[in-house]
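Trainee: Have a look at the structure that comes next, please.
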Amino acid sequence: MLRVGLLGAGRIGRVHAINIAGHARSQLVAVSDVNAGAAQSLADLYGARPTTSDAILNDASIDAVLIATSTDTHSDLIEKAAAAGKAVLCEKPVDLSLQRAQACLDAVSNTGVPVMIGFNRRFDPNFSAIKASVTAGEVGKPELLSITSFDPAPPPLTYIKVSGGLFRDMMIHDFDMANFLMGDTPTTVHAVGTSIVDHEIGKAGDVDTAVVTLTYADGRIAVIKNSRRAVYGYDQRVELLGSEGLLSAGNVLENTVSKATQQGVTSAKPEFFFLERYMRSYAAEWDAFVNAVLDGATIPVTLKDGVAALAMAEAATQSAKSGEAVALAL
């Protein structure tokens, strides 16, 4: 039984608490948050104790921590947990700063402690099935990848100002998905971004609509499209063209009913947002982490993967500002 401390009792922390407490081989024993009341209420739900992050990190009876705190605390907490010998699952991104994330990787790499980064979309049944098909060689060599990721509505401006920007906060999932499906990191990143959904986002120094083109050393291409607004729901699609065929994953809809009349054919909208769309992936992610820690299985999403995705986000941010393609430095 894996004894787990949860750092962070906000929205995503509550999602993880469900999976930690519901897993047959893990137990949620402690919860911390800067808001003591949030930690108390979440801990009470699962019979855990509310406490501080330092107390969790210093508790020798706790085997692993799940870090769901604000991004600017991630690297410090990863390093402290690894130094304490605790396995780590940390939400993305590793840090807002690529330099700090790389320093974290250097600090942790020789500890031997399992560290996994929370790119949950790898564990989505649809996207993992595409990866399995690619690995089996069913469509030959991947040559052209298209990833669509549109949110139903932009987050509050207060969040935008501390998020690190669309490329680090939102598109970073898609950068990791591109690495996952293409089996490699690109050599160059070219980004175009604008703020047409909400001009206040632009005034805050961010974009809300962006397209990024990734090019690879062997000439392959990936294109990522992001928008903070899709009025019909959470649009999450992937299409991969290989030398021997095509793989595609469409949206998960609110229901499977379709209506066909003289006026046309209609169906339900996509699931509204990430909590509805990706709950299964969060559960599968936690299961993979538990198996890695308890059974010695390979960590499926490493700290190095997290740094790679952040490097792509950094390059995209630079490219969007300069208008030029940026060589990826890893």
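Starting from 1 in every chain, residues are counted up; chains themselves are A, B, ... following the order of the structure tokens, and ligands are numbered from 1 as listed.
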Please identify all polymer residues within 9 Å of Asp235 in chain A, counting only C-alpha atoms, omitting same-chain residues fewer than 5 positions from it, and present them as number ranges by chain.

Mentor: A: 148-152, 230, 250-252, 270-273

Trainee: Grab the residues selected above and save them as a CSV table (one decimal), in the first residue's frame with N, CA, C and O atoms.

Mentor:
chain,number,residue,atom,x,y,z
A,148,THR,N,-5.5,19.6,-32.3
A,148,THR,CA,-6.5,20.7,-32.0
A,148,THR,C,-6.8,20.7,-30.5
A,148,THR,O,-7.3,19.6,-30.0
A,149,SER,N,-6.7,21.8,-29.9
A,149,SER,CA,-7.1,21.9,-28.5
A,149,SER,C,-7.7,23.3,-28.2
A,149,SER,O,-6.9,24.3,-28.1
A,150,PHE,N,-9.0,23.3,-28.1
A,150,PHE,CA,-9.7,24.6,-27.9
A,150,PHE,C,-10.5,24.5,-26.5
A,150,PHE,O,-11.2,23.5,-26.3
A,151,ASP,N,-10.3,25.5,-25.7
A,151,ASP,CA,-11.0,25.6,-24.4
A,151,ASP,C,-12.4,26.2,-24.7
A,151,ASP,O,-12.6,26.9,-25.7
A,152,PRO,N,-13.4,25.9,-23.9
A,152,PRO,CA,-14.7,26.5,-24.1
A,152,PRO,C,-14.8,28.0,-23.9
A,152,PRO,O,-15.6,28.7,-24.5
A,230,ALA,N,-14.1,28.1,-27.6
A,230,ALA,CA,-14.9,27.3,-28.5
A,230,ALA,C,-16.3,27.2,-27.9
A,230,ALA,O,-16.5,26.4,-27.0
A,250,GLY,N,-11.4,11.7,-32.5
A,250,GLY,CA,-12.3,12.8,-32.4
A,250,GLY,C,-12.7,13.2,-31.0
A,250,GLY,O,-12.1,12.6,-30.0
A,251,ASN,N,-13.6,14.1,-30.9
A,251,ASN,CA,-14.1,14.5,-29.6
A,251,ASN,C,-14.9,13.5,-28.9
A,251,ASN,O,-15.6,12.6,-29.5
A,252,VAL,N,-14.9,13.5,-27.5
A,252,VAL,CA,-15.8,12.7,-26.7
A,252,VAL,C,-17.0,13.6,-26.5
A,252,VAL,O,-16.9,14.7,-26.0
A,270,PRO,N,-19.3,18.3,-27.7
A,270,PRO,CA,-18.2,17.7,-27.0
A,270,PRO,C,-18.4,18.0,-25.5
A,270,PRO,O,-19.1,18.9,-25.0
A,271,GLU,N,-17.8,17.1,-24.7
A,271,GLU,CA,-17.8,17.3,-23.2
A,271,GLU,C,-17.4,18.8,-22.9
A,271,GLU,O,-16.5,19.3,-23.6
A,272,PHE,N,-17.9,19.3,-21.8
A,272,PHE,CA,-17.7,20.8,-21.6
A,272,PHE,C,-16.3,21.2,-21.4
A,272,PHE,O,-15.8,22.2,-22.0
A,273,PHE,N,-15.5,20.5,-20.5
A,273,PHE,CA,-14.2,21.0,-20.2
A,273,PHE,C,-13.3,19.8,-19.7
A,273,PHE,O,-13.8,18.6,-19.7

Trainee: Find the spatial neighbours of Lys131 in chain A, counting only C-alpha atoms, within a cut-off of 9 Å - ignore same-chain residues fewer than 5 positions away - and output them as number ranges by chain.

Mentor: A: 122, 126, 136, 180-182

Trainee: Show which residues sit within 6 Å of range 77-90 of chain A, as a ChimeraX atom specification. Count only C-alpha atoms, and ignore same-chain residues fewer than 5 positions away.

Mentor: /A:57,63-67,113-118

Trainee: Between A:Lys321, A:Arg121, A:Lys92, A:His199, which has the minimum distance to Ser163 in chain A (counting only C-alpha atoms)?

Mentor: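 Counting only C-alpha atoms, the residue closest to Ser163 in chain A is A:Lys92.
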
Trainee: Run DSSP on the backbone of this structure and report the residues of range 111-290 of chain A it assigns to helix (DSSP H, G or I), as a short mmCIF file (atom, residue, chain, number, x, y, z; two decimals) with all heavy atoms, in the first residue's frame.

Mentor:
data_model
loop_
_atom_site.label_atom_id
_atom_site.label_comp_id
_atom_site.auth_asym_id
_atom_site.auth_seq_id
_atom_site.Cartn_x
_atom_site.Cartn_y
_atom_site.Cartn_z
N ASN A 120 -1.42 14.10 -18.21
CA ASN A 120 -2.45 13.06 -18.14
C ASN A 120 -2.99 12.64 -19.49
O ASN A 120 -3.52 11.53 -19.64
CB ASN A 120 -3.61 13.54 -17.26
CG ASN A 120 -4.34 14.73 -17.89
OD1 ASN A 120 -3.78 15.83 -17.97
ND2 ASN A 120 -5.56 14.54 -18.34
N ARG A 121 -2.89 13.51 -20.51
CA ARG A 121 -3.50 13.18 -21.79
C ARG A 121 -2.87 11.97 -22.46
O ARG A 121 -3.48 11.33 -23.31
CB ARG A 121 -3.46 14.39 -22.72
CG ARG A 121 -4.28 15.55 -22.19
CD ARG A 121 -4.30 16.73 -23.13
NE ARG A 121 -4.89 17.90 -22.48
CZ ARG A 121 -5.07 19.07 -23.06
NH1 ARG A 121 -4.67 19.24 -24.32
NH2 ARG A 121 -5.61 20.07 -22.40
N ARG A 122 -1.64 11.66 -22.10
CA ARG A 122 -1.02 10.44 -22.62
C ARG A 122 -1.84 9.20 -22.25
O ARG A 122 -1.76 8.18 -22.94
CB ARG A 122 0.40 10.28 -22.06
CG ARG A 122 1.42 11.27 -22.57
CD ARG A 122 2.80 10.78 -22.22
NE ARG A 122 3.85 11.72 -22.57
CZ ARG A 122 5.12 11.37 -22.77
NH1 ARG A 122 5.48 10.10 -22.61
NH2 ARG A 122 6.03 12.27 -23.09
N PHE A 123 -2.59 9.31 -21.15
CA PHE A 123 -3.32 8.16 -20.64
C PHE A 123 -4.79 8.14 -21.08
O PHE A 123 -5.53 7.24 -20.70
CB PHE A 123 -3.22 8.14 -19.11
CG PHE A 123 -1.80 8.09 -18.63
CD1 PHE A 123 -1.11 9.27 -18.35
CD2 PHE A 123 -1.14 6.88 -18.49
CE1 PHE A 123 0.21 9.24 -17.93
CE2 PHE A 123 0.18 6.84 -18.08
CZ PHE A 123 0.86 8.02 -17.79
N PRO A 125 -7.76 7.14 -23.21
CA PRO A 125 -7.89 5.90 -24.01
C PRO A 125 -7.77 6.12 -25.51
O PRO A 125 -7.22 5.26 -26.22
CB PRO A 125 -9.29 5.40 -23.63
CG PRO A 125 -9.57 5.98 -22.29
CD PRO A 125 -8.89 7.33 -22.28
N ASN A 126 -8.27 7.24 -26.01
CA ASN A 126 -8.20 7.50 -27.45
C ASN A 126 -6.77 7.80 -27.90
O ASN A 126 -6.28 7.23 -28.89
CB ASN A 126 -9.10 8.68 -27.80
CG ASN A 126 -10.53 8.46 -27.37
OD1 ASN A 126 -11.22 7.58 -27.88
ND2 ASN A 126 -10.99 9.23 -26.40
N PHE A 127 -6.09 8.69 -27.18
CA PHE A 127 -4.74 9.06 -27.59
C PHE A 127 -3.74 7.93 -27.34
O PHE A 127 -2.80 7.74 -28.12
CB PHE A 127 -4.30 10.33 -26.86
CG PHE A 127 -5.19 11.52 -27.13
CD1 PHE A 127 -5.30 12.55 -26.20
CD2 PHE A 127 -5.93 11.63 -28.30
CE1 PHE A 127 -6.12 13.65 -26.44
CE2 PHE A 127 -6.76 12.71 -28.56
CZ PHE A 127 -6.85 13.72 -27.63
N SER A 128 -3.95 7.17 -26.27
CA SER A 128 -3.05 6.04 -26.02
C SER A 128 -3.26 4.94 -27.08
O SER A 128 -2.32 4.22 -27.43
CB SER A 128 -3.25 5.48 -24.61
OG SER A 128 -4.57 5.01 -24.42
N ALA A 129 -4.49 4.83 -27.62
CA ALA A 129 -4.73 3.86 -28.69
C ALA A 129 -4.01 4.29 -29.98
O ALA A 129 -3.50 3.44 -30.73
CB ALA A 129 -6.23 3.72 -28.95
N ILE A 130 -3.98 5.60 -30.24
CA ILE A 130 -3.21 6.08 -31.39
C ILE A 130 -1.73 5.75 -31.21
O ILE A 130 -1.07 5.25 -32.13
CB ILE A 130 -3.41 7.60 -31.59
CG1 ILE A 130 -4.80 7.87 -32.15
CG2 ILE A 130 -2.34 8.18 -32.50
CD1 ILE A 130 -5.07 9.32 -32.47
N LYS A 131 -1.20 6.00 -30.03
CA LYS A 131 0.20 5.68 -29.76
C LYS A 131 0.47 4.19 -29.95
O LYS A 131 1.51 3.80 -30.53
CB LYS A 131 0.57 6.11 -28.34
CG LYS A 131 2.00 5.76 -27.93
CD LYS A 131 3.02 6.46 -28.79
CE LYS A 131 4.44 6.18 -28.27
NZ LYS A 131 5.48 6.85 -29.10
N ALA A 132 -0.43 3.34 -29.47
CA ALA A 132 -0.25 1.90 -29.63
C ALA A 132 -0.22 1.51 -31.10
O ALA A 132 0.56 0.65 -31.51
CB ALA A 132 -1.36 1.15 -28.89
N SER A 133 -1.07 2.15 -31.92
CA SER A 133 -1.09 1.87 -33.35
C SER A 133 0.20 2.31 -34.02
O SER A 133 0.74 1.62 -34.90
CB SER A 133 -2.28 2.56 -34.02
OG SER A 133 -3.50 2.00 -33.57
N VAL A 134 0.71 3.46 -33.59
CA VAL A 134 1.98 3.95 -34.14
C VAL A 134 3.11 2.99 -33.77
O VAL A 134 3.92 2.60 -34.62
CB VAL A 134 2.29 5.36 -33.60
CG1 VAL A 134 3.71 5.77 -33.96
CG2 VAL A 134 1.30 6.37 -34.16
N THR A 135 3.15 2.59 -32.50
CA THR A 135 4.20 1.69 -32.03
C THR A 135 4.16 0.36 -32.77
O THR A 135 5.20 -0.24 -33.09
CB THR A 135 4.06 1.46 -30.52
OG1 THR A 135 4.15 2.72 -29.84
CG2 THR A 135 5.14 0.53 -30.00
N LEU A 157 -8.94 36.71 -15.87
CA LEU A 157 -7.74 37.48 -16.16
C LEU A 157 -6.72 37.35 -15.03
O LEU A 157 -5.50 37.35 -15.27
CB LEU A 157 -8.09 38.94 -16.39
CG LEU A 157 -7.04 39.80 -17.10
CD1 LEU A 157 -6.74 39.27 -18.48
CD2 LEU A 157 -7.50 41.25 -17.17
N THR A 158 -7.21 37.20 -13.81
CA THR A 158 -6.30 37.03 -12.67
C THR A 158 -5.45 35.76 -12.84
O THR A 158 -4.29 35.73 -12.44
CB THR A 158 -7.08 36.94 -11.35
OG1 THR A 158 -8.12 35.95 -11.48
CG2 THR A 158 -7.71 38.29 -11.02
N TYR A 159 -6.04 34.72 -13.42
CA TYR A 159 -5.30 33.49 -13.68
C TYR A 159 -4.31 33.69 -14.82
O TYR A 159 -3.16 33.23 -14.75
CB TYR A 159 -6.26 32.35 -14.01
CG TYR A 159 -5.56 31.07 -14.39
CD1 TYR A 159 -5.07 30.22 -13.41
CD2 TYR A 159 -5.37 30.71 -15.72
CE1 TYR A 159 -4.41 29.05 -13.74
CE2 TYR A 159 -4.71 29.55 -16.07
CZ TYR A 159 -4.23 28.72 -15.08
OH TYR A 159 -3.56 27.58 -15.41
N ILE A 160 -4.76 34.34 -15.88
CA ILE A 160 -3.89 34.60 -17.03
C ILE A 160 -2.59 35.26 -16.60
O ILE A 160 -1.49 34.91 -17.07
CB ILE A 160 -4.62 35.50 -18.06
CG1 ILE A 160 -5.80 34.75 -18.72
CG2 ILE A 160 -3.65 36.02 -19.12
CD1 ILE A 160 -5.41 33.67 -19.68
N LEU A 166 -0.14 31.24 -22.47
CA LEU A 166 -0.82 30.14 -23.15
C LEU A 166 0.12 29.00 -23.51
O LEU A 166 -0.22 27.82 -23.35
CB LEU A 166 -1.53 30.66 -24.40
CG LEU A 166 -2.28 29.63 -25.27
CD1 LEU A 166 -3.55 30.24 -25.85
CD2 LEU A 166 -1.40 29.12 -26.41
N PHE A 167 1.32 29.31 -23.98
CA PHE A 167 2.23 28.26 -24.42
C PHE A 167 2.72 27.40 -23.27
O PHE A 167 2.87 26.18 -23.41
CB PHE A 167 3.42 28.88 -25.18
CG PHE A 167 3.02 29.63 -26.42
CD1 PHE A 167 3.15 31.00 -26.49
CD2 PHE A 167 2.48 28.95 -27.52
CE1 PHE A 167 2.78 31.70 -27.63
CE2 PHE A 167 2.10 29.64 -28.65
CZ PHE A 167 2.25 31.02 -28.71
N ARG A 168 2.98 28.02 -22.10
CA ARG A 168 3.44 27.25 -20.94
C ARG A 168 2.29 26.60 -20.18
O ARG A 168 2.47 25.56 -19.55
CB ARG A 168 4.20 28.17 -19.97
CG ARG A 168 5.52 28.71 -20.51
CD ARG A 168 6.22 29.53 -19.43
NE ARG A 168 7.42 30.20 -19.93
CZ ARG A 168 7.42 31.40 -20.49
NH1 ARG A 168 6.26 32.07 -20.63
NH2 ARG A 168 8.54 31.96 -20.90
N ASP A 169 1.13 27.22 -20.21
CA ASP A 169 0.01 26.76 -19.38
C ASP A 169 -0.92 25.81 -20.11
O ASP A 169 -1.31 24.77 -19.58
CB ASP A 169 -0.78 27.98 -18.90
CG ASP A 169 -2.08 27.61 -18.23
OD1 ASP A 169 -2.04 26.85 -17.25
OD2 ASP A 169 -3.15 28.06 -18.69
N ILE A 172 1.29 23.44 -23.50
CA ILE A 172 2.32 22.53 -23.05
C ILE A 172 1.85 21.08 -23.09
O ILE A 172 2.62 20.16 -23.34
CB ILE A 172 2.84 22.92 -21.65
CG1 ILE A 172 4.18 22.25 -21.37
CG2 ILE A 172 1.79 22.64 -20.57
CD1 ILE A 172 4.92 22.84 -20.19
N HIS A 173 0.55 20.86 -22.84
CA HIS A 173 -0.01 19.52 -22.99
C HIS A 173 0.16 19.01 -24.42
O HIS A 173 0.47 17.84 -24.65
CB HIS A 173 -1.51 19.53 -22.66
CG HIS A 173 -1.82 19.41 -21.21
ND1 HIS A 173 -1.58 18.27 -20.48
CD2 HIS A 173 -2.40 20.29 -20.35
CE1 HIS A 173 -1.98 18.44 -19.23
NE2 HIS A 173 -2.48 19.66 -19.12
N ASP A 174 -0.04 19.89 -25.39
CA ASP A 174 0.04 19.51 -26.79
C ASP A 174 1.49 19.31 -27.24
O ASP A 174 1.77 18.47 -28.10
CB ASP A 174 -0.66 20.55 -27.65
CG ASP A 174 -2.09 20.79 -27.20
OD1 ASP A 174 -2.83 19.80 -27.05
OD2 ASP A 174 -2.46 21.95 -26.95
N PHE A 175 2.41 20.08 -26.67
CA PHE A 175 3.82 19.85 -26.95
C PHE A 175 4.21 18.44 -26.49
O PHE A 175 4.91 17.71 -27.20
CB PHE A 175 4.69 20.89 -26.25
CG PHE A 175 4.57 22.27 -26.82
CD1 PHE A 175 4.46 23.38 -25.99
CD2 PHE A 175 4.59 22.48 -28.19
CE1 PHE A 175 4.36 24.66 -26.51
CE2 PHE A 175 4.48 23.76 -28.73
CZ PHE A 175 4.36 24.85 -27.89
N ASP A 176 3.77 18.08 -25.29
CA ASP A 176 4.08 16.73 -24.81
C ASP A 176 3.41 15.66 -25.67
O ASP A 176 4.00 14.62 -25.95
CB ASP A 176 3.65 16.57 -23.35
CG ASP A 176 3.98 15.18 -22.83
OD1 ASP A 176 5.18 14.90 -22.65
OD2 ASP A 176 3.06 14.37 -22.64
N MET A 177 2.17 15.93 -26.11
CA MET A 177 1.48 14.96 -26.96
C MET A 177 2.21 14.78 -28.29
O MET A 177 2.32 13.66 -28.81
CB MET A 177 0.03 15.42 -27.20
CG MET A 177 -0.83 14.45 -28.01
SD MET A 177 -0.95 12.78 -27.31
CE MET A 177 -1.66 13.12 -25.70
N ALA A 178 2.73 15.87 -28.84
CA ALA A 178 3.50 15.77 -30.08
C ALA A 178 4.75 14.91 -29.86
O ALA A 178 5.07 14.03 -30.68
CB ALA A 178 3.89 17.16 -30.57
N ASN A 179 5.46 15.13 -28.76
CA ASN A 179 6.64 14.31 -28.47
C ASN A 179 6.26 12.84 -28.29
O ASN A 179 6.97 11.93 -28.73
CB ASN A 179 7.32 14.82 -27.20
CG ASN A 179 7.92 16.19 -27.36
OD1 ASN A 179 8.10 16.67 -28.48
ND2 ASN A 179 8.24 16.84 -26.25
N PHE A 180 5.14 12.61 -27.62
CA PHE A 180 4.63 11.26 -27.35
C PHE A 180 4.31 10.52 -28.65
O PHE A 180 4.74 9.38 -28.85
CB PHE A 180 3.40 11.40 -26.47
CG PHE A 180 2.69 10.13 -26.10
CD1 PHE A 180 3.36 9.08 -25.48
CD2 PHE A 180 1.33 9.99 -26.32
CE1 PHE A 180 2.70 7.93 -25.12
CE2 PHE A 180 0.65 8.84 -25.96
CZ PHE A 180 1.34 7.80 -25.35
N LEU A 181 3.58 11.18 -29.54
CA LEU A 181 3.12 10.51 -30.76
C LEU A 181 4.19 10.45 -31.85
O LEU A 181 4.27 9.47 -32.58
CB LEU A 181 1.86 11.19 -31.29
CG LEU A 181 0.63 11.11 -30.39
CD1 LEU A 181 -0.54 11.87 -31.02
CD2 LEU A 181 0.23 9.67 -30.12
N MET A 182 5.01 11.48 -31.95
CA MET A 182 6.05 11.50 -32.98
C MET A 182 7.31 10.75 -32.53
O MET A 182 8.18 10.44 -33.34
CB MET A 182 6.41 12.93 -33.35
CG MET A 182 5.26 13.70 -33.99
SD MET A 182 4.77 13.03 -35.60
CE MET A 182 5.67 14.12 -36.71
N HIS A 199 -9.27 41.10 -25.66
CA HIS A 199 -8.14 42.01 -25.80
C HIS A 199 -7.44 42.28 -24.47
O HIS A 199 -6.25 42.66 -24.46
CB HIS A 199 -8.60 43.33 -26.44
CG HIS A 199 -9.09 43.17 -27.85
ND1 HIS A 199 -8.31 42.62 -28.85
CD2 HIS A 199 -10.28 43.46 -28.43
CE1 HIS A 199 -8.99 42.60 -29.99
NE2 HIS A 199 -10.20 43.08 -29.75
N GLU A 200 -8.14 42.09 -23.36
CA GLU A 200 -7.51 42.26 -22.05
C GLU A 200 -6.41 41.22 -21.83
O GLU A 200 -5.44 41.48 -21.11
CB GLU A 200 -8.56 42.17 -20.94
CG GLU A 200 -9.54 43.32 -20.93
CD GLU A 200 -8.86 44.67 -20.74
OE1 GLU A 200 -7.96 44.75 -19.85
OE2 GLU A 200 -9.20 45.62 -21.45
N ILE A 201 -6.57 40.05 -22.43
CA ILE A 201 -5.52 39.03 -22.35
C ILE A 201 -4.26 39.54 -23.04
O ILE A 201 -3.14 39.36 -22.55
CB ILE A 201 -6.01 37.71 -22.97
CG1 ILE A 201 -7.10 37.09 -22.08
CG2 ILE A 201 -4.86 36.72 -23.16
CD1 ILE A 201 -7.72 35.83 -22.64
N GLY A 202 -4.44 40.18 -24.19
CA GLY A 202 -3.30 40.78 -24.87
C GLY A 202 -2.64 41.87 -24.05
O GLY A 202 -1.41 41.97 -23.99
N LYS A 203 -3.44 42.69 -23.39
CA LYS A 203 -2.90 43.75 -22.55
C LYS A 203 -2.11 43.18 -21.37
O LYS A 203 -1.19 43.82 -20.85
CB LYS A 203 -4.02 44.64 -22.04
CG LYS A 203 -4.69 45.48 -23.12
CD LYS A 203 -5.83 46.31 -22.54
CE LYS A 203 -6.55 47.11 -23.60
NZ LYS A 203 -7.69 47.89 -23.06
N PHE A 274 -12.13 20.07 -19.21
CA PHE A 274 -11.16 19.00 -18.99
C PHE A 274 -11.58 18.04 -17.89
O PHE A 274 -11.27 16.84 -17.95
CB PHE A 274 -9.77 19.57 -18.72
CG PHE A 274 -9.57 20.15 -17.34
CD1 PHE A 274 -8.98 19.39 -16.34
CD2 PHE A 274 -9.93 21.45 -17.05
CE1 PHE A 274 -8.77 19.91 -15.08
CE2 PHE A 274 -9.72 21.99 -15.79
CZ PHE A 274 -9.14 21.22 -14.80
N LEU A 275 -12.30 18.53 -16.86
CA LEU A 275 -12.70 17.62 -15.79
C LEU A 275 -13.66 16.55 -16.32
O LEU A 275 -13.61 15.39 -15.91
CB LEU A 275 -13.34 18.39 -14.64
CG LEU A 275 -12.40 19.28 -13.83
CD1 LEU A 275 -13.16 20.00 -12.74
CD2 LEU A 275 -11.26 18.46 -13.24
N GLU A 276 -14.55 16.94 -17.21
CA GLU A 276 -15.47 15.97 -17.82
C GLU A 276 -14.75 15.09 -18.83
O GLU A 276 -14.95 13.88 -18.88
CB GLU A 276 -16.63 16.70 -18.51
CG GLU A 276 -17.55 17.48 -17.58
CD GLU A 276 -17.09 18.88 -17.28
OE1 GLU A 276 -15.97 19.27 -17.71
OE2 GLU A 276 -17.82 19.59 -16.58
N ARG A 277 -13.89 15.71 -19.62
CA ARG A 277 -13.24 15.00 -20.75
C ARG A 277 -12.17 14.02 -20.30
O ARG A 277 -12.02 12.94 -20.89
CB ARG A 277 -12.63 16.04 -21.70
CG ARG A 277 -11.74 15.49 -22.82
CD ARG A 277 -12.55 14.66 -23.80
NE ARG A 277 -11.73 14.23 -24.92
CZ ARG A 277 -10.87 13.22 -24.87
NH1 ARG A 277 -10.73 12.54 -23.74
NH2 ARG A 277 -10.17 12.88 -25.93
N MET A 279 -11.33 12.69 -17.00
CA MET A 279 -11.31 12.01 -15.71
C MET A 279 -10.73 10.61 -15.80
O MET A 279 -9.98 10.17 -14.92
CB MET A 279 -12.72 11.97 -15.12
CG MET A 279 -13.17 13.29 -14.50
SD MET A 279 -12.09 13.90 -13.18
CE MET A 279 -12.38 12.68 -11.90
N ARG A 280 -11.05 9.88 -16.87
CA ARG A 280 -10.49 8.52 -17.03
C ARG A 280 -8.98 8.57 -17.16
O ARG A 280 -8.26 7.68 -16.68
CB ARG A 280 -11.11 7.84 -18.25
CG ARG A 280 -12.58 7.47 -18.08
CD ARG A 280 -13.16 6.92 -19.37
NE ARG A 280 -12.56 5.64 -19.74
CZ ARG A 280 -12.78 5.00 -20.89
NH1 ARG A 280 -13.58 5.55 -21.79
NH2 ARG A 280 -12.21 3.85 -21.14
N SER A 281 -8.47 9.60 -17.82
CA SER A 281 -7.02 9.68 -18.02
C SER A 281 -6.31 9.96 -16.69
O SER A 281 -5.21 9.44 -16.46
CB SER A 281 -6.67 10.77 -19.04
OG SER A 281 -6.86 12.07 -18.52
N TYR A 282 -6.91 10.76 -15.82
CA TYR A 282 -6.31 11.01 -14.52
C TYR A 282 -6.23 9.72 -13.69
O TYR A 282 -5.24 9.48 -12.99
CB TYR A 282 -7.08 12.08 -13.75
CG TYR A 282 -6.83 13.49 -14.24
CD1 TYR A 282 -7.85 14.22 -14.85
CD2 TYR A 282 -5.59 14.09 -14.08
CE1 TYR A 282 -7.63 15.53 -15.30
CE2 TYR A 282 -5.37 15.40 -14.52
CZ TYR A 282 -6.38 16.10 -15.14
OH TYR A 282 -6.16 17.38 -15.58
N ALA A 283 -7.27 8.92 -13.75
CA ALA A 283 -7.26 7.64 -13.02
C ALA A 283 -6.19 6.70 -13.58
O ALA A 283 -5.46 6.05 -12.82
CB ALA A 283 -8.64 6.99 -13.10
N ALA A 284 -6.07 6.63 -14.90
CA ALA A 284 -5.07 5.77 -15.53
C ALA A 284 -3.66 6.28 -15.24
O ALA A 284 -2.73 5.48 -15.06
CB ALA A 284 -5.32 5.70 -17.03
N GLU A 285 -3.51 7.59 -15.19
CA GLU A 285 -2.21 8.18 -14.86
C GLU A 285 -1.78 7.76 -13.46
O GLU A 285 -0.62 7.35 -13.24
CB GLU A 285 -2.32 9.70 -14.95
CG GLU A 285 -1.10 10.47 -14.49
CD GLU A 285 -1.36 11.96 -14.47
OE1 GLU A 285 -2.21 12.42 -13.65
OE2 GLU A 285 -0.73 12.67 -15.26
N TRP A 286 -2.69 7.87 -12.49
CA TRP A 286 -2.36 7.50 -11.12
C TRP A 286 -2.04 6.01 -11.03
O TRP A 286 -1.10 5.61 -10.34
CB TRP A 286 -3.49 7.87 -10.16
CG TRP A 286 -3.14 7.49 -8.74
CD1 TRP A 286 -3.70 6.52 -7.99
CD2 TRP A 286 -2.10 8.09 -7.95
NE1 TRP A 286 -3.10 6.46 -6.76
CE2 TRP A 286 -2.11 7.41 -6.71
CE3 TRP A 286 -1.19 9.10 -8.17
CZ2 TRP A 286 -1.22 7.73 -5.69
CZ3 TRP A 286 -0.30 9.42 -7.14
CH2 TRP A 286 -0.33 8.74 -5.93
N ASP A 287 -2.78 5.19 -11.72
CA ASP A 287 -2.51 3.75 -11.72
C ASP A 287 -1.11 3.46 -12.25
O ASP A 287 -0.39 2.62 -11.69
CB ASP A 287 -3.57 3.04 -12.57
CG ASP A 287 -3.43 1.53 -12.53
OD1 ASP A 287 -3.56 0.94 -11.44
OD2 ASP A 287 -3.16 0.93 -13.60
N ALA A 288 -0.72 4.15 -13.32
CA ALA A 288 0.62 3.95 -13.88
C ALA A 288 1.70 4.37 -12.89
O ALA A 288 2.75 3.71 -12.76
CB ALA A 288 0.76 4.75 -15.18
N PHE A 289 1.46 5.45 -12.16
CA PHE A 289 2.42 5.90 -11.16
C PHE A 289 2.55 4.88 -10.03
O PHE A 289 3.67 4.53 -9.62
CB PHE A 289 1.98 7.25 -10.61
CG PHE A 289 2.86 7.78 -9.50
CD1 PHE A 289 4.12 8.28 -9.77
CD2 PHE A 289 2.41 7.79 -8.18
CE1 PHE A 289 4.93 8.78 -8.76
CE2 PHE A 289 3.20 8.28 -7.16
CZ PHE A 289 4.48 8.77 -7.45
N VAL A 290 1.43 4.40 -9.52
CA VAL A 290 1.46 3.42 -8.44
C VAL A 290 2.21 2.16 -8.88
O VAL A 290 3.05 1.63 -8.15
CB VAL A 290 0.04 3.07 -7.98
CG1 VAL A 290 0.05 1.89 -7.00
CG2 VAL A 290 -0.63 4.27 -7.33
#

Trainee: Skip Ser146 in chain A itself and residues of its chain fewer than 6 positions away, then list as a ChimeraX atom specification all residues within 9 Å of it, counting only C-alpha atoms.

Mentor: /A:178,221-225,237-241

Trainee: Can you list, as a list in words, every protein, DNA or RNA residue that comes within 12 Å of Asp198 in chain A when you count only C-alpha atoms, leaving out same-chain residues fewer than 3 positions away?

Mentor: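 Near neighbours after the sequence-gap exclusion: Ala153, Pro154, Pro155, Pro156, Leu157, Ile160, Thr194, Ser195, Ile201, Gly202, Lys203, Ala204, Gly205, Asp206, Val207, Asp208, Thr209, Ser227, Arg228 and Arg229 of chain A.
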